[in-house]
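Some notes on the structure that comes next.
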Amino acid sequence: MRHLTDDPGHFADPAADLTIRHLTDVDELELFKRIPYSLNDELADDLAGGRRRLDWMWVAVRDDRLLGRIGWWTLSQGAEPQQLDIFDVDDALPDDAFREVGAALLDQAGAHVLAGVDTPPEFARYLPGDWRDDPAQRRGTELRMELIERSGARFVVERLRLEWTPGTPIAAPDPRLTFRPFASDAEFLDVTTRVLTGTLDAHSVEELAEHSPRDVAEAWYDDEFARYTTPREWWRVAVDDADRIVGFVVPARNAYHPIIAYLGVVPEHRGHGYIDGILAEGTRVLHEAGVMHIRASTDVGNVPMAAAFARAGYVTFERLVNMAWS
């Protein structure tokens, strides 16, 4: 590979001047964090909690100048990497240099981190809500996506990242609905399986192309819902006056924030405005627990769900682009 001269618009030989390596000590976090990003403040806790590893965090450096970095994340200590969520190159570099450094990071770090992994984990990029209107953000994002695509990935979805804060009104309870906890894990699986029919969620649609709704629901439960340590009583089933299940909501807290983890309406009750009352109930549960904010997310293309969050006072503070390898 070529290396960078002191002029960021130039390349020259030899390759040895550009060093690509993983971190060797937590003290090197400050080097890794020289490129601003919304996840930087979480890195130390992620390392301490086993969600990141030093040998999953790589840098491209020349003469103590950080030219790029890449990092993977996992949900729990000891698991394989589950997401490539940090991939940055110095925005001062011209396009060709940006591509060269980025491709080298993907190749060299990926060969180490993903050795023995059949399919690389999904790529996730957290972005300002108006990233397309910011020339620097748009350029960097599109160059990253180009590099990820060249490595064999494809675009999956763009998502809205949403936040509710205290002081935002919560809608009055829907008089048509009553809420109760789930009677059992079996009931939870039954309801989540039903909600998957006709889903507009891009990840769910992809999973359903290869697995049955029940299998997808069970994987959700095992990989995500069962791991929440917040009270199961927060999870609410919505029933109508005939005691028929209309939908559900899962308020919870993950490793970072209080969240609306999931909500949905079963197919036969969609189109009647029930989603607003269900979301309000989940918001109310967390607000009464004293949280200072609530996070949520939904696909840009899931227009009905995005509209429900907007009506409930959730504000888009960020966007998220996902790409995946097959």
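For the structure tokens, the naming scheme is as follows: chains receive sequential letters (A, B, ...) according to their order of presentation, residues are indexed from 1 within each chain, and ligands are indexed from 1 in presentation order.
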
For Lys33 in chain A, find every residue with an atom within 12 Å (counting only C-alpha atoms), except residues of its own chain fewer than 2 positions away, and show them as a list of chain:residue names. A:Leu23, A:Val26, A:Asp27, A:Glu28, A:Leu29, A:Glu30, A:Leu31, A:Ile35, A:Pro36, A:Tyr37, A:Ser38, A:Leu39, A:Asn40, A:Asp41, A:Glu42, A:Leu43, A:Ala44, A:Met57, A:Trp58, A:Val59, A:Leu66, A:Leu67, A:Gly68, A:Arg69, A:Ile70, A:Gly71, A:Ile86, A:Phe87, A:Asp88

Mind writing the picked residues with C-alpha atoms as an mmCIF file, in the first residue's frame?
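What follows is the written file again.cif:
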data_model
loop_
_atom_site.group_PDB
_atom_site.id
_atom_site.type_symbol
_atom_site.label_atom_id
_atom_site.label_comp_id
_atom_site.auth_asym_id
_atom_site.auth_seq_id
_atom_site.Cartn_x
_atom_site.Cartn_y
_atom_site.Cartn_z
ATOM 1 C CA LEU A 23 -5.029 -0.891 20.436
ATOM 2 C CA VAL A 26 -6.872 1.290 27.468
ATOM 3 C CA ASP A 27 -4.659 4.368 27.690
ATOM 4 C CA GLU A 28 -4.774 4.441 23.880
ATOM 5 C CA LEU A 29 -8.478 5.249 23.956
ATOM 6 C CA GLU A 30 -7.599 8.936 23.725
ATOM 7 C CA LEU A 31 -5.806 8.263 20.440
ATOM 8 C CA ILE A 35 -11.969 11.536 15.527
ATOM 9 C CA PRO A 36 -15.291 12.872 16.899
ATOM 10 C CA TYR A 37 -18.251 10.484 16.881
ATOM 11 C CA SER A 38 -21.428 10.016 18.887
ATOM 12 C CA LEU A 39 -20.242 6.692 20.344
ATOM 13 C CA ASN A 40 -16.946 8.009 21.733
ATOM 14 C CA ASP A 41 -18.335 8.626 25.221
ATOM 15 C CA GLU A 42 -19.453 4.982 25.481
ATOM 16 C CA LEU A 43 -16.141 3.345 24.581
ATOM 17 C CA ALA A 44 -14.595 3.124 28.056
ATOM 18 C CA MET A 57 -10.331 -1.476 17.865
ATOM 19 C CA TRP A 58 -7.877 -0.588 15.107
ATOM 20 C CA VAL A 59 -6.160 2.614 14.051
ATOM 21 C CA LEU A 66 -4.735 9.418 13.365
ATOM 22 C CA LEU A 67 -5.845 8.929 9.768
ATOM 23 C CA GLY A 68 -8.542 6.360 10.384
ATOM 24 C CA ARG A 69 -10.042 3.859 12.805
ATOM 25 C CA ILE A 70 -12.383 0.909 12.849
ATOM 26 C CA GLY A 71 -14.102 -0.961 15.667
ATOM 27 C CA ILE A 86 -17.063 2.538 14.105
ATOM 28 C CA PHE A 87 -15.439 3.222 10.747
ATOM 29 C CA ASP A 88 -13.831 6.625 10.337
#

Output as a Markdown table one row per residue of range 176-277 of chain A within 10 Å of range 161-167 of chain A: the closest atom pair and its distance in Å to one decimal place, counting only C-alpha atoms, sorted by chain and residue number ascending.
| residue | atom | partner | partner_atom | distance |
| --- | --- | --- | --- | --- |
| A:Pro258 | CA | A:Glu163 | CA | 10.0 |
| A:Ile259 | CA | A:Glu163 | CA | 8.9 |
| A:Ile260 | CA | A:Glu163 | CA | 9.9 |

Please dump the current selection as a tab-separated table (two decimals), in the first residue's frame; keep N, CA and C atoms.
chain	number	residue	atom	x	y	z
A	258	PRO	N	-32.87	4.11	28.87
A	258	PRO	CA	-34.26	3.62	28.88
A	258	PRO	C	-34.80	3.66	27.46
A	259	ILE	N	-35.53	2.63	27.07
A	259	ILE	CA	-35.95	2.51	25.68
A	259	ILE	C	-37.37	1.97	25.55
A	260	ILE	N	-37.99	2.29	24.44
A	260	ILE	CA	-39.13	1.53	23.96
A	260	ILE	C	-38.53	0.48	23.04

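CA of Phe155 in chain A is found 4.4 Å from CA of Met323 in chain A.
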
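One finds CA of Arg295 in chain A at 22.5 Å from CA of Arg180 in chain A.
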
Would you work out the distance separating CA of Leu177 in chain A from CA of Arg232 in chain A, expressed in Å to one decimal? 19.8 Å

Which residues are close to Ala242 in chain A, i.e. within 10 Å by only C-alpha atoms, leaving aside same-chain residues fewer than 3 positions away? Reply as a PyMOL selection string. chain A and resi 176-177+239+245

Kindly export the residues of the current selection with C-alpha atoms, as a PDB file, in the first residue's frame.
ATOM      1  CA  ARG A 176     -60.778   1.356  24.425  1.00  0.00           C
ATOM      2  CA  LEU A 177     -57.728  -0.376  25.905  1.00  0.00           C
ATOM      3  CA  VAL A 239     -56.530  -5.754  25.352  1.00  0.00           C
ATOM      4  CA  ILE A 245     -55.261  -8.871  22.506  1.00  0.00           C
TER       5      ILE A 245
END

Could you pull the residues within 12 Å of range 218-228 of chain A, counting only C-alpha atoms, minus those fewer than 3 positions along the same chain, as a tab-separated table (two decimals) with N, CA and C atoms, in the first residue's frame?
chain	number	residue	atom	x	y	z
A	74	THR	N	-20.09	-5.95	20.52
A	74	THR	CA	-20.94	-7.10	20.76
A	74	THR	C	-21.85	-6.83	21.95
A	75	LEU	N	-22.93	-7.59	22.06
A	75	LEU	CA	-23.92	-7.35	23.11
A	75	LEU	C	-23.42	-7.79	24.47
A	76	SER	N	-22.65	-8.87	24.51
A	76	SER	CA	-22.23	-9.40	25.81
A	76	SER	C	-20.82	-9.96	25.73
A	79	ALA	N	-18.93	-12.98	23.45
A	79	ALA	CA	-19.62	-13.27	22.19
A	79	ALA	C	-18.77	-12.81	21.00
A	82	GLN	N	-20.73	-8.46	16.84
A	82	GLN	CA	-22.09	-8.45	16.32
A	82	GLN	C	-22.41	-7.22	15.49
A	185	ASP	N	-44.10	-16.32	29.32
A	185	ASP	CA	-43.22	-16.20	28.16
A	185	ASP	C	-43.91	-16.74	26.91
A	186	ALA	N	-44.70	-17.79	27.09
A	186	ALA	CA	-45.40	-18.38	25.95
A	186	ALA	C	-46.36	-17.37	25.32
A	187	GLU	N	-47.07	-16.60	26.15
A	187	GLU	CA	-47.97	-15.59	25.61
A	187	GLU	C	-47.17	-14.51	24.88
A	188	PHE	N	-46.04	-14.12	25.45
A	188	PHE	CA	-45.20	-13.12	24.80
A	188	PHE	C	-44.79	-13.60	23.40
A	189	LEU	N	-44.34	-14.84	23.30
A	189	LEU	CA	-43.93	-15.38	22.01
A	189	LEU	C	-45.10	-15.47	21.04
A	190	ASP	N	-46.26	-15.83	21.54
A	190	ASP	CA	-47.43	-15.91	20.67
A	190	ASP	C	-47.79	-14.54	20.09
A	191	VAL	N	-47.77	-13.52	20.93
A	191	VAL	CA	-48.15	-12.18	20.46
A	191	VAL	C	-47.10	-11.61	19.52
A	192	THR	N	-45.82	-11.76	19.86
A	192	THR	CA	-44.79	-11.23	18.97
A	192	THR	C	-44.80	-11.96	17.63
A	193	THR	N	-45.12	-13.24	17.64
A	193	THR	CA	-45.24	-13.98	16.38
A	193	THR	C	-46.36	-13.40	15.52
A	196	LEU	N	-45.60	-10.03	13.72
A	196	LEU	CA	-44.68	-10.07	12.59
A	196	LEU	C	-45.38	-10.16	11.23
A	203	HIS	N	-35.44	-5.15	8.89
A	203	HIS	CA	-34.70	-6.30	9.43
A	203	HIS	C	-35.61	-7.51	9.59
A	204	SER	N	-36.81	-7.27	10.09
A	204	SER	CA	-37.76	-8.37	10.27
A	204	SER	C	-38.15	-8.98	8.93
A	207	GLU	N	-35.41	-11.26	7.88
A	207	GLU	CA	-35.39	-12.49	8.68
A	207	GLU	C	-36.53	-13.43	8.28
A	208	LEU	N	-37.68	-12.84	8.00
A	208	LEU	CA	-38.84	-13.65	7.63
A	208	LEU	C	-38.68	-14.30	6.25
A	211	HIS	N	-36.82	-17.47	7.68
A	211	HIS	CA	-37.28	-18.19	8.88
A	211	HIS	C	-38.77	-17.96	9.09
A	212	SER	N	-39.39	-18.84	9.83
A	212	SER	CA	-40.81	-18.69	10.16
A	212	SER	C	-40.99	-17.56	11.17
A	213	PRO	N	-42.18	-16.96	11.23
A	213	PRO	CA	-42.43	-15.93	12.24
A	213	PRO	C	-42.13	-16.40	13.66
A	214	ARG	N	-42.48	-17.65	13.97
A	214	ARG	CA	-42.21	-18.15	15.32
A	214	ARG	C	-40.71	-18.21	15.59
A	215	ASP	N	-39.94	-18.67	14.61
A	215	ASP	CA	-38.49	-18.73	14.79
A	215	ASP	C	-37.89	-17.35	14.99
A	231	PRO	N	-37.77	-4.58	35.12
A	231	PRO	CA	-38.89	-5.45	35.50
A	231	PRO	C	-39.73	-5.92	34.31
A	232	ARG	N	-40.05	-7.20	34.32
A	232	ARG	CA	-40.94	-7.74	33.28
A	232	ARG	C	-42.34	-7.14	33.38
A	233	GLU	N	-42.71	-6.65	34.56
A	233	GLU	CA	-44.03	-6.05	34.72
A	233	GLU	C	-44.18	-4.80	33.85
A	234	TRP	N	-43.08	-4.23	33.41
A	234	TRP	CA	-43.15	-3.08	32.51
A	234	TRP	C	-43.70	-3.47	31.14
A	235	TRP	N	-43.49	-4.72	30.73
A	235	TRP	CA	-43.96	-5.17	29.41
A	235	TRP	C	-45.48	-5.29	29.46
A	249	VAL	N	-46.36	-3.52	24.12
A	249	VAL	CA	-45.21	-2.61	24.16
A	249	VAL	C	-44.21	-3.14	25.18
A	250	VAL	N	-42.92	-2.98	24.86
A	250	VAL	CA	-41.85	-3.43	25.76
A	250	VAL	C	-41.00	-2.22	26.16
A	251	PRO	N	-41.36	-1.55	27.26
A	251	PRO	CA	-40.45	-0.55	27.84
A	251	PRO	C	-39.34	-1.29	28.60
A	252	ALA	N	-38.12	-0.80	28.51
A	252	ALA	CA	-37.01	-1.49	29.14
A	252	ALA	C	-35.84	-0.52	29.27
A	253	ARG	N	-34.74	-1.05	29.74
A	253	ARG	CA	-33.48	-0.30	29.72
A	253	ARG	C	-32.42	-1.24	29.20
A	254	ASN	N	-31.67	-0.81	28.17
A	254	ASN	CA	-30.55	-1.61	27.71
A	254	ASN	C	-29.28	-1.17	28.43
A	255	ALA	N	-28.12	-1.46	27.91
A	255	ALA	CA	-26.88	-1.11	28.59
A	255	ALA	C	-26.62	0.39	28.61
A	256	TYR	N	-27.43	1.17	27.87
A	256	TYR	CA	-27.13	2.58	27.71
A	256	TYR	C	-28.26	3.52	28.11
A	257	HIS	N	-29.50	3.16	27.79
A	257	HIS	CA	-30.61	4.11	27.93
A	257	HIS	C	-31.92	3.39	28.25
A	258	PRO	N	-32.87	4.11	28.87
A	258	PRO	CA	-34.26	3.62	28.88
A	258	PRO	C	-34.80	3.66	27.46
A	259	ILE	N	-35.53	2.63	27.07
A	259	ILE	CA	-35.95	2.51	25.68
A	259	ILE	C	-37.37	1.97	25.55
A	260	ILE	N	-37.99	2.29	24.44
A	260	ILE	CA	-39.13	1.53	23.96
A	260	ILE	C	-38.53	0.48	23.04
A	261	ALA	N	-38.36	-0.72	23.56
A	261	ALA	CA	-37.64	-1.75	22.81
A	261	ALA	C	-38.45	-2.24	21.62
A	262	TYR	N	-39.75	-2.34	21.79
A	262	TYR	CA	-40.60	-2.81	20.70
A	262	TYR	C	-42.04	-2.49	21.04

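With only C-alpha atoms as the atoms that count, the residue of A:Val61, A:Ala324, A:Leu279, A:Ala48 with the shortest distance to Glu206 in chain A is A:Ala324.
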
Using only C-alpha atoms, which of A:Ala238, A:Ile170, A:Val315, A:Ala307 sits nearest Leu286 in chain A? A:Ile170

Restricting the calculation to only C-alpha atoms, which member of A:Leu160, A:Leu105, A:Ala183, A:Leu114 is positioned closest to Ala310 in chain A? A:Leu160

Using only C-alpha atoms, which protein or nucleic acid residues come within 12 Å of Glu158 in chain A? Drop anything in the same chain fewer than 4 positions from it, and give the result as a list of chain:residue names. A:Phe123, A:Ala124, A:Arg125, A:Tyr126, A:Leu127, A:Gly129, A:Trp131, A:Asp201, A:Ala202, A:His203, A:Ser297, A:Thr298, A:Asp299, A:Val300, A:Gly301, A:Asn302, A:Glu318, A:Arg319, A:Leu320, A:Val321, A:Asn322, A:Met323

So which residues of range 24-257 of chain A fall under strand (DSSP E) by DSSP, listed as a ChimeraX atom specification? /A:57-62,65-73,83-89,122-127,154-164,178-181,236-239,245-253

Can you pull out the residues contacting Phe248 in chain A? Cut-off 7 Å, using only C-alpha atoms, and skip same-chain residues under 6 positions away; I want them as number ranges by chain. A: 236-238, 263-265, 278

Restrict the selected residues to N, CA and C atoms and save them as a PDB file, in the first residue's frame.
ATOM      1  N   ARG A 236     -46.179  -4.617  28.564  1.00  0.00           N
ATOM      2  CA  ARG A 236     -47.628  -4.527  28.667  1.00  0.00           C
ATOM      3  C   ARG A 236     -48.332  -5.078  27.424  1.00  0.00           C
ATOM      4  N   VAL A 237     -49.358  -5.862  27.705  1.00  0.00           N
ATOM      5  CA  VAL A 237     -50.270  -6.329  26.658  1.00  0.00           C
ATOM      6  C   VAL A 237     -51.478  -5.399  26.645  1.00  0.00           C
ATOM      7  N   ALA A 238     -51.871  -4.967  25.466  1.00  0.00           N
ATOM      8  CA  ALA A 238     -53.073  -4.142  25.315  1.00  0.00           C
ATOM      9  C   ALA A 238     -54.239  -5.041  24.914  1.00  0.00           C
ATOM     10  N   LEU A 263     -42.831  -2.266  20.001  1.00  0.00           N
ATOM     11  CA  LEU A 263     -44.279  -2.170  20.162  1.00  0.00           C
ATOM     12  C   LEU A 263     -44.910  -2.536  18.843  1.00  0.00           C
ATOM     13  N   GLY A 264     -46.152  -3.000  18.920  1.00  0.00           N
ATOM     14  CA  GLY A 264     -46.835  -3.388  17.702  1.00  0.00           C
ATOM     15  C   GLY A 264     -48.305  -3.662  17.949  1.00  0.00           C
ATOM     16  N   VAL A 265     -49.043  -3.730  16.858  1.00  0.00           N
ATOM     17  CA  VAL A 265     -50.468  -4.052  16.876  1.00  0.00           C
ATOM     18  C   VAL A 265     -50.658  -5.310  16.046  1.00  0.00           C
ATOM     19  N   ILE A 278     -50.974   2.549  22.817  1.00  0.00           N
ATOM     20  CA  ILE A 278     -49.963   1.565  23.237  1.00  0.00           C
ATOM     21  C   ILE A 278     -48.629   2.250  23.484  1.00  0.00           C
TER      22      ILE A 278
END
